file data_0.cif (mmCIF, C-alpha atoms)
data_my_file
#
loop_
_atom_site.label_atom_id
_atom_site.label_comp_id
_atom_site.auth_asym_id
_atom_site.auth_seq_id
_atom_site.Cartn_x
_atom_site.Cartn_y
_atom_site.Cartn_z
CA MET F 15 0.00 0.00 0.00
CA LYS F 16 2.80 2.34 0.95
CA SER F 17 4.41 1.73 -2.39
CA LEU F 18 1.25 2.84 -4.18
CA GLU F 19 1.20 6.06 -2.19
CA LYS F 20 4.87 6.62 -2.94
CA LYS F 21 4.29 6.01 -6.65
CA PHE F 22 1.39 8.45 -6.58
CA PHE F 23 3.46 11.24 -5.01
CA ASP F 24 6.37 10.47 -7.34
CA SER F 25 3.97 10.90 -10.24
CA TYR F 26 2.86 14.20 -8.80
CA ASN F 27 6.45 15.44 -8.65
CA ALA F 28 7.17 14.20 -12.13
CA TYR F 29 4.05 15.28 -14.01
CA SER F 30 2.37 18.10 -12.10
CA ASP F 31 4.11 20.80 -14.14
CA GLU F 32 3.12 19.48 -17.52
CA ILE F 33 -0.41 18.78 -16.36
CA PHE F 34 -0.51 22.32 -15.05
CA ARG F 35 0.67 23.65 -18.42
CA PHE F 36 -1.95 21.58 -20.18
CA ALA F 37 -4.63 22.95 -17.86
CA LEU F 38 -3.33 26.50 -18.21
CA PHE F 39 -3.25 26.14 -21.97
CA LYS F 40 -6.83 24.97 -22.01
CA LEU F 41 -8.27 27.30 -19.39
CA SER F 42 -6.09 30.40 -19.73
CA ASP F 43 -6.41 31.00 -16.01
CA ARG F 44 -3.51 30.30 -13.70
CA GLU F 45 -5.57 30.02 -10.53
CA LYS F 46 -8.08 27.69 -12.12
CA ALA F 47 -5.30 25.65 -13.68
CA THR F 48 -3.66 25.26 -10.25
CA ASP F 49 -6.94 24.13 -8.70
CA LEU F 50 -7.45 21.79 -11.59
CA VAL F 51 -4.07 20.11 -11.05
CA GLN F 52 -5.11 19.37 -7.48
CA GLU F 53 -8.47 18.06 -8.65
CA ILE F 54 -6.91 15.86 -11.33
CA PHE F 55 -4.51 14.26 -8.86
CA MET F 56 -7.27 13.77 -6.30
CA LYS F 57 -9.43 12.02 -8.90
CA THR F 58 -6.47 9.87 -9.80
CA TRP F 59 -5.97 8.90 -6.15
CA VAL F 60 -9.66 8.04 -5.76
CA PHE F 61 -9.28 5.71 -8.75
CA ILE F 62 -6.16 4.11 -7.26
CA SER F 63 -7.64 3.80 -3.76
CA LYS F 64 -10.61 1.89 -5.15
CA GLY F 65 -8.30 -0.69 -6.67
CA GLY F 66 -8.00 0.87 -10.13
CA LYS F 67 -4.95 -0.19 -12.10
CA ILE F 68 -3.02 2.40 -14.08
CA ASP F 69 -0.59 1.16 -16.70
CA ASN F 70 0.54 4.54 -18.01
CA MET F 71 0.28 7.21 -15.36
CA ARG F 72 1.11 10.07 -17.69
CA ALA F 73 -1.57 9.12 -20.22
CA PHE F 74 -4.05 8.56 -17.40
CA LEU F 75 -3.36 12.02 -16.00
CA TYR F 76 -3.88 13.64 -19.40
CA LYS F 77 -7.13 11.74 -19.89
CA THR F 78 -8.37 12.80 -16.45
CA ALA F 79 -7.22 16.35 -17.18
CA GLY F 80 -9.11 16.36 -20.47
CA ASN F 81 -12.32 15.20 -18.78
CA THR F 82 -11.96 17.61 -15.87
CA ILE F 83 -11.31 20.49 -18.25
CA ILE F 84 -14.45 19.66 -20.22
CA ASP F 85 -16.37 19.85 -16.94
CA GLU F 86 -14.71 23.17 -16.27
CA TYR F 87 -15.68 24.45 -19.73
CA ARG F 88 -19.26 23.70 -18.91
CA LYS F 89 -19.00 25.78 -15.77
CA GLN F 90 -17.57 28.80 -17.45
CA SER F 91 -17.93 30.47 -20.77
CA ARG F 92 -14.70 29.80 -22.53
CA ARG F 93 -15.32 32.54 -25.03
CA GLU F 94 -15.29 35.18 -22.31
CA ASP F 95 -11.90 34.11 -21.04
CA LYS F 96 -10.50 33.86 -24.49
CA ASN F 97 -11.68 37.33 -25.40
CA GLU F 98 -10.28 38.64 -22.17
CA SER F 99 -6.93 37.11 -22.91
CA LEU F 100 -6.98 38.39 -26.41
CA GLU F 101 -7.80 41.79 -25.09
CA THR F 102 -4.80 41.61 -22.79
CA LEU F 103 -2.72 40.50 -25.69
CA SER F 104 -3.91 43.27 -27.92
CA GLU F 105 -3.51 45.81 -25.15
CA GLU F 106 0.04 44.76 -24.54
CA PHE F 107 1.08 44.27 -28.12
CA GLY F 108 -1.49 46.50 -29.70
CA TYR F 109 -1.48 44.56 -32.97
CA ASP F 110 0.25 47.68 -34.20
CA PRO F 111 3.09 47.71 -36.67
CA GLY F 112 5.55 48.39 -33.87
CA PHE F 113 6.88 44.84 -34.16
CA ASP F 114 8.73 44.34 -37.31
CA ASP F 115 9.43 40.65 -37.17
CA THR F 116 8.26 37.33 -35.71
CA ASP F 117 11.05 37.08 -33.17
CA SER F 118 10.43 40.45 -31.58
CA LEU F 119 6.72 39.64 -31.22
CA ILE F 120 7.49 36.33 -29.56
CA ASP F 121 10.27 37.81 -27.44
CA LYS F 122 7.83 40.20 -25.84
CA MET F 123 5.38 37.50 -24.91
CA ASP F 124 5.30 35.53 -21.70
CA GLY F 125 4.37 31.86 -21.62
CA LYS F 126 0.68 32.52 -21.10
CA GLN F 127 0.51 34.92 -24.01
CA ALA F 128 2.35 32.43 -26.19
CA MET F 129 -0.33 29.95 -25.25
CA GLU F 130 -3.04 32.39 -26.18
CA LEU F 131 -1.46 32.93 -29.55
CA ILE F 132 -1.58 29.21 -30.26
CA LYS F 133 -5.11 29.06 -29.00
CA GLU F 134 -6.18 31.35 -31.76
CA LEU F 135 -5.94 28.27 -33.90
CA PRO F 136 -8.93 25.96 -34.05
CA GLU F 137 -8.74 23.61 -31.07
CA ILE F 138 -8.10 20.57 -33.23
CA TYR F 139 -4.71 22.10 -34.17
CA SER F 140 -3.86 24.06 -31.04
CA GLU F 141 -4.03 21.02 -28.76
CA VAL F 142 -1.75 18.83 -30.88
CA LEU F 143 0.74 21.69 -31.41
CA PHE F 144 0.84 22.34 -27.70
CA LEU F 145 1.46 18.70 -26.87
CA ARG F 146 4.01 18.26 -29.66
CA TYR F 147 6.13 21.35 -29.18
CA ALA F 148 5.49 22.58 -25.67
CA GLU F 149 5.35 19.16 -24.06
CA SER F 150 7.65 17.36 -26.53
CA LYS F 151 5.27 14.43 -26.81
CA SER F 152 5.63 11.81 -29.49
CA ILE F 153 2.99 11.49 -32.17
CA SER F 154 1.71 8.25 -30.69
CA GLU F 155 1.52 9.76 -27.19
CA ILE F 156 -0.52 12.65 -28.55
CA ALA F 157 -2.71 10.26 -30.47
CA GLU F 158 -3.44 8.40 -27.23
CA ILE F 159 -4.20 11.58 -25.30
CA VAL F 160 -6.50 13.16 -27.91
CA GLY F 161 -8.00 9.86 -29.02
CA ARG F 162 -7.13 10.11 -32.70
CA THR F 163 -4.91 8.06 -35.01
CA ASP F 164 -1.16 8.76 -35.39
CA ASN F 165 -1.75 9.69 -38.98
CA ALA F 166 -4.47 12.21 -38.19
CA VAL F 167 -2.28 13.76 -35.50
CA SER F 168 0.68 14.16 -37.93
CA VAL F 169 -1.50 15.83 -40.52
CA GLN F 170 -3.02 18.15 -37.90
CA ILE F 171 0.43 19.15 -36.62
CA ASN F 172 1.59 20.09 -40.11
CA ARG F 173 -1.55 22.03 -40.90
CA GLY F 174 -1.44 23.64 -37.44
CA ILE F 175 2.11 24.89 -37.97
CA LYS F 176 1.14 26.35 -41.31
CA LYS F 177 -1.86 28.12 -39.84
CA LEU F 178 0.11 29.34 -36.83
CA LYS F 179 2.66 30.93 -39.13
CA GLU F 180 -0.17 32.67 -40.94
CA ILE F 181 -1.54 34.01 -37.65
CA ILE F 182 1.85 35.28 -36.52
CA ASN F 183 2.55 36.88 -39.88
CA GLY F 184 -0.89 38.44 -39.77
CA LYS F 185 -0.06 40.05 -36.44
CA ILE F 186 3.27 41.40 -37.63
CA ILE F 187 1.98 43.07 -40.74
CA MET D 23 8.41 29.37 -33.76
CA GLU D 24 10.64 27.32 -31.50
CA LYS D 25 10.95 30.28 -29.17
CA LEU D 26 7.19 30.44 -28.90
CA PHE D 27 6.99 26.93 -27.57
CA LYS D 28 10.02 27.38 -25.35
CA LYS D 29 8.17 30.20 -23.64
CA ILE D 30 5.24 27.91 -23.06
CA LYS D 31 7.54 25.24 -21.71
CA LYS D 32 8.78 27.63 -19.06
CA GLU D 33 5.28 27.90 -17.63
CA ALA D 34 5.11 25.75 -14.51
CA LEU D 35 3.75 25.66 -11.03
CA ASN D 36 5.86 27.82 -8.76
CA PRO D 37 7.36 26.08 -5.70
CA ASP D 38 4.69 27.52 -3.42
CA GLU D 39 1.84 26.29 -5.59
CA LYS D 40 3.48 22.92 -5.96
CA ALA D 41 4.02 22.54 -2.19
CA LYS D 42 0.47 23.66 -1.46
CA ILE D 43 -1.04 21.08 -3.77
CA PHE D 44 1.35 18.43 -2.43
CA SER D 45 0.24 19.04 1.13
CA ALA D 46 -3.45 19.06 0.11
CA LEU D 47 -2.90 15.72 -1.63
CA GLN D 48 -1.15 14.28 1.43
CA THR D 49 -4.18 15.14 3.56
CA PHE D 50 -6.50 13.76 0.89
CA VAL D 51 -4.57 10.50 0.62
CA ALA D 52 -4.56 10.12 4.42
CA GLU D 53 -8.32 10.70 4.55
CA ASN D 54 -8.99 8.34 1.69
CA PRO D 55 -6.90 5.27 2.34
CA ILE D 56 -6.71 2.40 -0.07
CA LYS D 57 -9.68 0.08 0.19
CA ASN D 58 -9.49 -3.59 -0.70
CA ILE D 59 -6.63 -3.14 -3.02
CA PRO D 60 -5.47 -6.53 -4.11
CA SER D 61 -1.85 -7.21 -3.27
CA PRO D 62 0.58 -7.33 -6.19
CA PHE D 63 0.70 -11.11 -5.69
CA TYR D 64 -3.04 -11.35 -6.07
CA ASN D 65 -2.76 -11.47 -9.81
CA SER D 66 -5.04 -13.05 -12.34
CA TRP D 67 -3.12 -16.33 -12.21
CA PHE D 68 -3.77 -16.54 -8.51
CA ILE D 69 -7.47 -15.82 -9.05
CA PHE D 70 -7.52 -18.43 -11.78
CA ARG D 71 -5.92 -21.02 -9.53
CA TYR D 72 -8.18 -20.01 -6.65
CA ARG D 73 -11.21 -20.54 -8.85
CA MET D 74 -9.86 -23.82 -10.15
CA VAL D 75 -9.60 -25.07 -6.59
CA MET D 76 -12.71 -23.44 -5.20
CA ALA D 77 -15.13 -24.48 -7.95
CA PRO D 78 -14.93 -28.23 -7.29
CA ILE D 79 -14.92 -27.65 -3.54
CA ALA D 80 -18.06 -25.54 -3.82
CA PHE D 81 -19.57 -28.16 -6.09
CA ILE D 82 -18.83 -30.96 -3.64
CA LEU D 83 -20.07 -28.88 -0.72
CA ILE D 84 -23.34 -28.07 -2.46
CA PHE D 85 -23.89 -31.72 -3.29
CA ALA D 86 -22.89 -32.86 0.17
CA LEU D 87 -25.24 -30.33 1.75
CA ALA D 88 -28.06 -31.16 -0.64
CA GLY D 89 -27.43 -34.85 -0.07
CA SER D 90 -27.40 -34.58 3.69
CA ALA D 91 -30.50 -32.37 3.57
CA ALA D 92 -32.24 -34.97 1.42
CA PHE D 93 -31.14 -37.70 3.81
CA ALA D 94 -32.34 -35.73 6.83
CA ALA D 95 -35.56 -34.92 4.99
CA LYS D 96 -36.26 -38.63 4.45
CA LYS D 97 -36.92 -39.04 8.15
CA SER D 98 -39.02 -35.91 8.47
CA LEU D 99 -42.72 -35.87 9.31
CA PRO D 100 -45.51 -33.45 8.40
CA GLY D 101 -44.95 -30.19 10.27
CA ASP D 102 -41.15 -30.50 10.03
CA LYS D 103 -39.28 -27.91 8.02
CA LEU D 104 -37.66 -30.61 5.91
CA TYR D 105 -40.94 -32.33 5.04
CA SER D 106 -41.44 -30.15 1.96
CA ILE D 107 -37.97 -31.22 0.77
CA LYS D 108 -38.98 -34.83 1.27
CA MET D 109 -42.10 -34.30 -0.85
CA LEU D 110 -40.06 -32.52 -3.50
CA ASN D 111 -37.49 -35.33 -3.58
CA GLU D 112 -40.26 -37.87 -4.02
CA LYS D 113 -41.71 -35.88 -6.92
CA VAL D 114 -38.28 -35.72 -8.56
CA GLU D 115 -37.81 -39.46 -8.05
CA SER D 116 -41.17 -40.16 -9.72
CA MET D 117 -40.37 -37.77 -12.55
CA ILE D 118 -37.01 -39.24 -13.47
CA ALA D 119 -38.24 -42.84 -13.53
CA ILE D 120 -38.90 -43.89 -17.12
CA ASP D 121 -39.91 -47.52 -16.97
CA SER D 122 -43.41 -48.39 -15.70
CA LYS D 123 -41.99 -51.06 -13.42
CA THR D 124 -39.58 -48.60 -11.75
CA LYS D 125 -42.33 -45.99 -11.60
CA ALA D 126 -44.70 -48.41 -9.91
CA GLN D 127 -42.00 -49.45 -7.40
CA ILE D 128 -41.20 -45.83 -6.60
CA GLU D 129 -44.85 -44.89 -6.12
CA ILE D 130 -45.32 -47.92 -3.88
CA SER D 131 -42.34 -46.98 -1.74
CA HIS D 132 -43.75 -43.44 -1.43
CA ALA D 133 -47.20 -44.73 -0.48
CA ILE D 134 -45.59 -47.00 2.12
CA SER D 135 -43.68 -43.96 3.44
CA ARG D 136 -47.07 -42.28 4.06
CA LEU D 137 -48.21 -45.25 6.08
CA GLN D 138 -44.96 -45.25 8.07
CA GLU D 139 -45.47 -41.55 8.72
CA VAL D 140 -48.95 -42.24 10.09
CA GLU D 141 -47.54 -44.95 12.35
CA GLN D 142 -44.74 -42.72 13.58
CA ILE D 143 -47.07 -39.81 14.23
CA VAL D 144 -49.48 -41.90 16.21
CA THR D 145 -46.87 -43.78 18.22
CA SER D 146 -44.93 -40.62 19.07
CA ASN D 147 -48.13 -38.81 20.09
CA ARG D 148 -47.17 -36.01 17.82
CA GLN D 149 -49.54 -33.09 17.46
CA LEU D 150 -50.44 -32.29 13.88
CA ASP D 151 -51.21 -28.95 12.29
CA LYS D 152 -54.63 -28.61 10.73
CA GLY D 153 -54.72 -30.17 7.30
CA ASP D 154 -51.51 -32.17 7.67
CA GLY D 155 -53.38 -35.41 8.34
CA LYS D 156 -55.58 -34.90 5.30
CA LYS D 157 -52.51 -34.18 3.20
CA ILE D 158 -51.02 -37.55 4.14
CA GLY D 159 -54.30 -39.23 3.24
CA ASP D 160 -54.50 -37.44 -0.10
CA ASN D 161 -50.89 -38.20 -0.97
CA PHE D 162 -51.34 -41.84 -0.04
CA GLN D 163 -54.42 -42.10 -2.24
CA GLU D 164 -52.64 -40.39 -5.13
CA GLN D 165 -49.55 -42.57 -4.87
CA VAL D 166 -51.55 -45.79 -4.62
CA GLN D 167 -53.46 -44.71 -7.73
CA GLU D 168 -50.22 -43.97 -9.60
CA ALA D 169 -48.75 -47.32 -8.59
CA THR D 170 -51.93 -49.11 -9.75
CA ASN D 171 -51.87 -47.23 -13.07
CA ASN D 172 -48.29 -48.30 -13.69
CA ILE D 173 -49.06 -51.91 -12.78
CA ASN D 174 -51.98 -51.84 -15.25
CA GLU D 175 -49.68 -50.31 -17.85
CA LEU D 176 -47.29 -53.24 -17.39
CA ARG D 177 -50.18 -55.67 -17.86
CA ASN D 178 -51.32 -53.88 -21.02
CA ARG D 179 -47.85 -54.23 -22.45
CA GLY D 180 -47.84 -57.93 -21.80
CA ARG D 181 -45.44 -57.79 -18.87
CA GLU D 182 -47.74 -59.85 -16.68
CA LYS D 183 -44.84 -61.35 -14.71
CA ASP D 184 -43.48 -57.93 -13.63
CA ALA D 185 -47.00 -56.68 -12.89
CA SER D 186 -48.01 -59.57 -10.66
CA GLU D 187 -44.65 -59.56 -8.88
CA ILE D 188 -44.99 -55.90 -7.95
CA HIS D 189 -48.66 -56.30 -7.18
CA SER D 190 -48.12 -59.13 -4.77
CA ASP D 191 -45.27 -57.28 -2.99
CA PHE D 192 -47.49 -54.21 -2.72
CA ARG D 193 -50.31 -56.25 -1.33
CA THR D 194 -48.10 -57.86 1.29
CA MET D 195 -46.79 -54.47 2.43
CA LEU D 196 -50.25 -52.94 2.51
CA THR D 197 -51.65 -55.83 4.53
CA GLU D 198 -48.87 -55.52 7.09
CA HIS D 199 -49.39 -51.80 7.52
CA GLU D 200 -53.14 -52.22 7.58
CA LYS D 201 -52.77 -54.38 10.67
CA THR D 202 -50.55 -51.85 12.45
CA ILE D 203 -52.79 -48.92 11.57
CA THR D 204 -55.92 -50.75 12.65
CA GLU D 205 -54.28 -51.53 15.98
CA LEU D 206 -53.25 -47.93 16.39
CA SER D 207 -56.69 -46.57 15.56
CA ASN D 208 -58.25 -48.90 18.13
CA SER D 209 -55.79 -47.99 20.89
CA GLY D 210 -57.03 -45.55 23.52
CA ASP D 211 -54.18 -43.10 23.01
CA THR D 212 -55.62 -41.54 19.92
CA LYS D 213 -59.09 -40.89 21.33
CA ASP D 214 -58.05 -37.58 22.82
CA GLU D 215 -59.86 -34.44 21.63
CA ILE D 216 -56.63 -32.80 20.47
CA LYS D 217 -55.90 -35.77 18.30
CA LYS D 218 -59.09 -35.50 16.33
CA GLU D 219 -57.09 -34.60 13.26
CA LEU D 220 -54.91 -37.63 13.81
CA ASP D 221 -57.88 -39.93 14.06
CA GLN D 222 -59.29 -38.53 10.90
CA MET D 223 -55.98 -39.13 9.12
CA VAL D 224 -55.72 -42.65 10.39
CA SER D 225 -59.27 -43.49 9.45
CA GLU D 226 -58.86 -41.94 6.01
CA VAL D 227 -55.70 -43.85 5.27
CA ARG D 228 -57.23 -46.97 6.72
CA SER D 229 -60.37 -46.78 4.62
CA GLU D 230 -58.24 -46.09 1.56
CA LEU D 231 -56.08 -49.07 2.40
CA LYS D 232 -59.11 -51.30 2.92
CA LYS D 233 -60.66 -50.12 -0.30
CA LYS D 234 -57.51 -50.95 -2.18
CA LEU D 235 -57.15 -54.36 -0.57
CA ASP D 236 -60.84 -55.15 -1.16
CA GLU D 237 -60.53 -54.17 -4.79
CA ASP D 238 -57.50 -56.34 -5.15
CA GLY D 239 -59.34 -59.17 -3.40
CA ARG D 240 -62.29 -58.84 -5.74
CA GLU D 241 -60.01 -58.71 -8.74
CA SER D 242 -58.09 -61.79 -7.72
CA LYS D 243 -61.38 -63.62 -7.02
CA LYS D 244 -62.65 -62.55 -10.40
CA GLN D 245 -59.42 -63.68 -11.97
CA LYS D 246 -59.64 -67.03 -10.19
CA GLN D 247 -63.25 -67.40 -11.28
CA GLU D 248 -62.34 -66.63 -14.85
CA GLU D 249 -59.48 -69.07 -14.74
CA GLU D 250 -61.79 -71.76 -13.29
CA GLU D 251 -64.40 -71.06 -15.96
CA GLU D 252 -61.73 -71.35 -18.64
CA GLU D 253 -60.55 -74.61 -17.16
CA GLU D 254 -64.14 -75.94 -17.04
CA GLU D 255 -64.63 -74.93 -20.65
CA GLU D 256 -61.47 -76.71 -21.65
CA GLU D 257 -62.55 -79.82 -19.69
CA GLU D 258 -65.93 -79.73 -21.40
CA LYS D 259 -64.23 -79.49 -24.78
CA GLU D 260 -62.03 -82.41 -23.90
CA ASP D 261 -65.10 -84.44 -22.76
CA HIS D 262 -66.75 -83.79 -26.13
#

call {"tool": "encode", "arguments": {"input": "data_0.cif", "output": "structure tokens"}}
result
Amino acid sequence: MKSLEKKFFDSYNAYSDEIFRFALFKLSDREKATDLVQEIFMKTWVFISKGGKIDNMRAFLYKTAGNTIIDEYRKQSRREDKNESLETLSEEFGYDPGFDDTDSLIDKMDGKQAMELIKELPEIYSEVLFLRYAESKSISEIAEIVGRTDNAVSVQINRGIKKLKEIINGKII
Amino acid sequence: MEKLFKKIKKEALNPDEKAKIFSALQTFVAENPIKNIPSPFYNSWFIFRYRMVMAPIAFILIFALAGSAAFAAKKSLPGDKLYSIKMLNEKVESMIAIDSKTKAQIEISHAISRLQEVEQIVTSNRQLDKGDGKKIGDNFQEQVQEATNNINELRNRGREKDASEIHSDFRTMLTEHEKTITELSNSGDTKDEIKKELDQMVSEVRSELKKKLDEDGRESKKQKQEEEEEEEEEEEKEDH
């Protein structure tokens, strides 16, 4: 029993940051993302304590995170938050021609704003790009998390990159 | 583009947030301990082996229990909890018998059991519930009828030897019990008011027994008469 508890806390130390990033990316709210991390790990413990067997802790945590985030979406209007974040972004960067290239735009952003920029993409692309480049996940890991095939994920990553470039270029001009 | 994602990568829980969640989880884990978690050794192979061993044991146990219950039920009397099992067992026995001879023998043994029950009840001065006595009488009547039907069936199929063998055994047993029951019904013990039900049962079974024996008597007389007539006819033919 002790070993299960130890494994659980080891998992927390190992994966809490990336789960937090995933939650932050999805919710765009640091406080909510922090609460969500706690909730996700509690749900995971409830599953373990009832005799549930977890083969891949990381994948399990992402799955639980995905479900918990969906619940969270239902509670709040995502659009409002998104608009708010975009407002912040536009206030800070003004969408004005003050930035003459991609690098300077990105340099001025913090992590959260970078997330918001990616989130301007349709969700189908933003999620896979986030997992691929921010979390350095393999295609098959992403496929497992989002519940799509490896092939679909690869295609979506390529298209996502293309679209992201268009968005960034659009902001610079 | 790479820079963009690097920025995202830097986002993380700060040490305070991380420690706060960690402590909340510690409390949560302490409040929600593991329940019935199978040990790592309790794997599917173990369960498989456990089932392999337990299934026959359970099977044997069930049969042993059912067998001992059936055995105990055999000695039960009306009013006992096991009596219904006894009745059920008898029904099953009658049902699974295929051959008329076996069926007749089984029905006879059941009918004799009713008579033994009557004798036991009377000799042990046992108090009967209302209707129990009548039930014995009815069952006896039914079983005698079934036995007779099967004996007739044997005769119809030309198995006269089997039929008369069973019939004569049945008759001997009935005569013996008739004596005992008559003695019991005449003894003073059963004249008590409380044992009215008992008396009724005894007299019912007795009259049924008598009826059966009388019928048999008439039949055998008739048979003898017929045989004699046939013999006379044959003698007459020979004379001519």

call {"tool": "interface_residues", "arguments": {"input": "data_0.cif", "of": "chain F", "to": "chain D", "cutoff": "6 Å", "atoms": "all atoms listed in the file", "output": "MDAnalysis selection string"}}
result
chainID F and resid 31 52 63:65 120 125 128 147:148

call {"tool": "resolve_selection", "arguments": {"input": "data_0.cif", "expression": "the PyMOL selection byres ((chain F and resi 145) around 10)", "output": "list in words"}}
result
Glu32, Arg35, Phe36, Ser140, Glu141, Val142, Leu143, Phe144, Arg146, Tyr147, Ala148, Glu149, Ser150, Lys151, Ser152, Ile153, Glu155, Ile156, Ile159, Val160 and Ile171 of chain F; Phe27 of chain D

call {"tool": "closest_residue", "arguments": {"input": "data_0.cif", "among": "F:Leu131, F:Leu18, F:Ala157, F:Ile62", "to": "Lys77 (chain F)", "atoms": "all atoms listed in the file"}}
result
F:Ala157

call {"tool": "atom_distance", "arguments": {"input": "data_0.cif", "atom1": "CA of Glu19 (chain F)", "atom2": "CA of Ala73 (chain F)"}}
result
18.5 Å

call {"tool": "closest_residue", "arguments": {"input": "data_0.cif", "among": "D:Pro78, D:Ile143, D:Asp102, D:Lys108", "to": "Ser90 (chain D)", "atoms": "only C-alpha atoms"}}
result
D:Lys108

call {"tool": "resolve_selection", "arguments": {"input": "data_0.cif", "expression": "the PyMOL selection byres ((chain D and resi 154) around 9)", "output": "mmCIF file with C-alpha atoms, in the coordinates of the input"}}
result
data_model
loop_
_atom_site.group_PDB
_atom_site.id
_atom_site.type_symbol
_atom_site.label_atom_id
_atom_site.label_comp_id
_atom_site.auth_asym_id
_atom_site.auth_seq_id
_atom_site.Cartn_x
_atom_site.Cartn_y
_atom_site.Cartn_z
ATOM 1 C CA PRO D 100 -45.510 -33.450 8.400
ATOM 2 C CA GLY D 101 -44.950 -30.190 10.270
ATOM 3 C CA LEU D 150 -50.440 -32.290 13.880
ATOM 4 C CA ASP D 151 -51.210 -28.950 12.290
ATOM 5 C CA LYS D 152 -54.630 -28.610 10.730
ATOM 6 C CA GLY D 153 -54.720 -30.170 7.300
ATOM 7 C CA GLY D 155 -53.380 -35.410 8.340
ATOM 8 C CA LYS D 156 -55.580 -34.900 5.300
ATOM 9 C CA LYS D 157 -52.510 -34.180 3.200
ATOM 10 C CA ILE D 158 -51.020 -37.550 4.140
ATOM 11 C CA GLY D 159 -54.300 -39.230 3.240
ATOM 12 C CA GLU D 219 -57.090 -34.600 13.260
ATOM 13 C CA LEU D 220 -54.910 -37.630 13.810
ATOM 14 C CA MET D 223 -55.980 -39.130 9.120
#
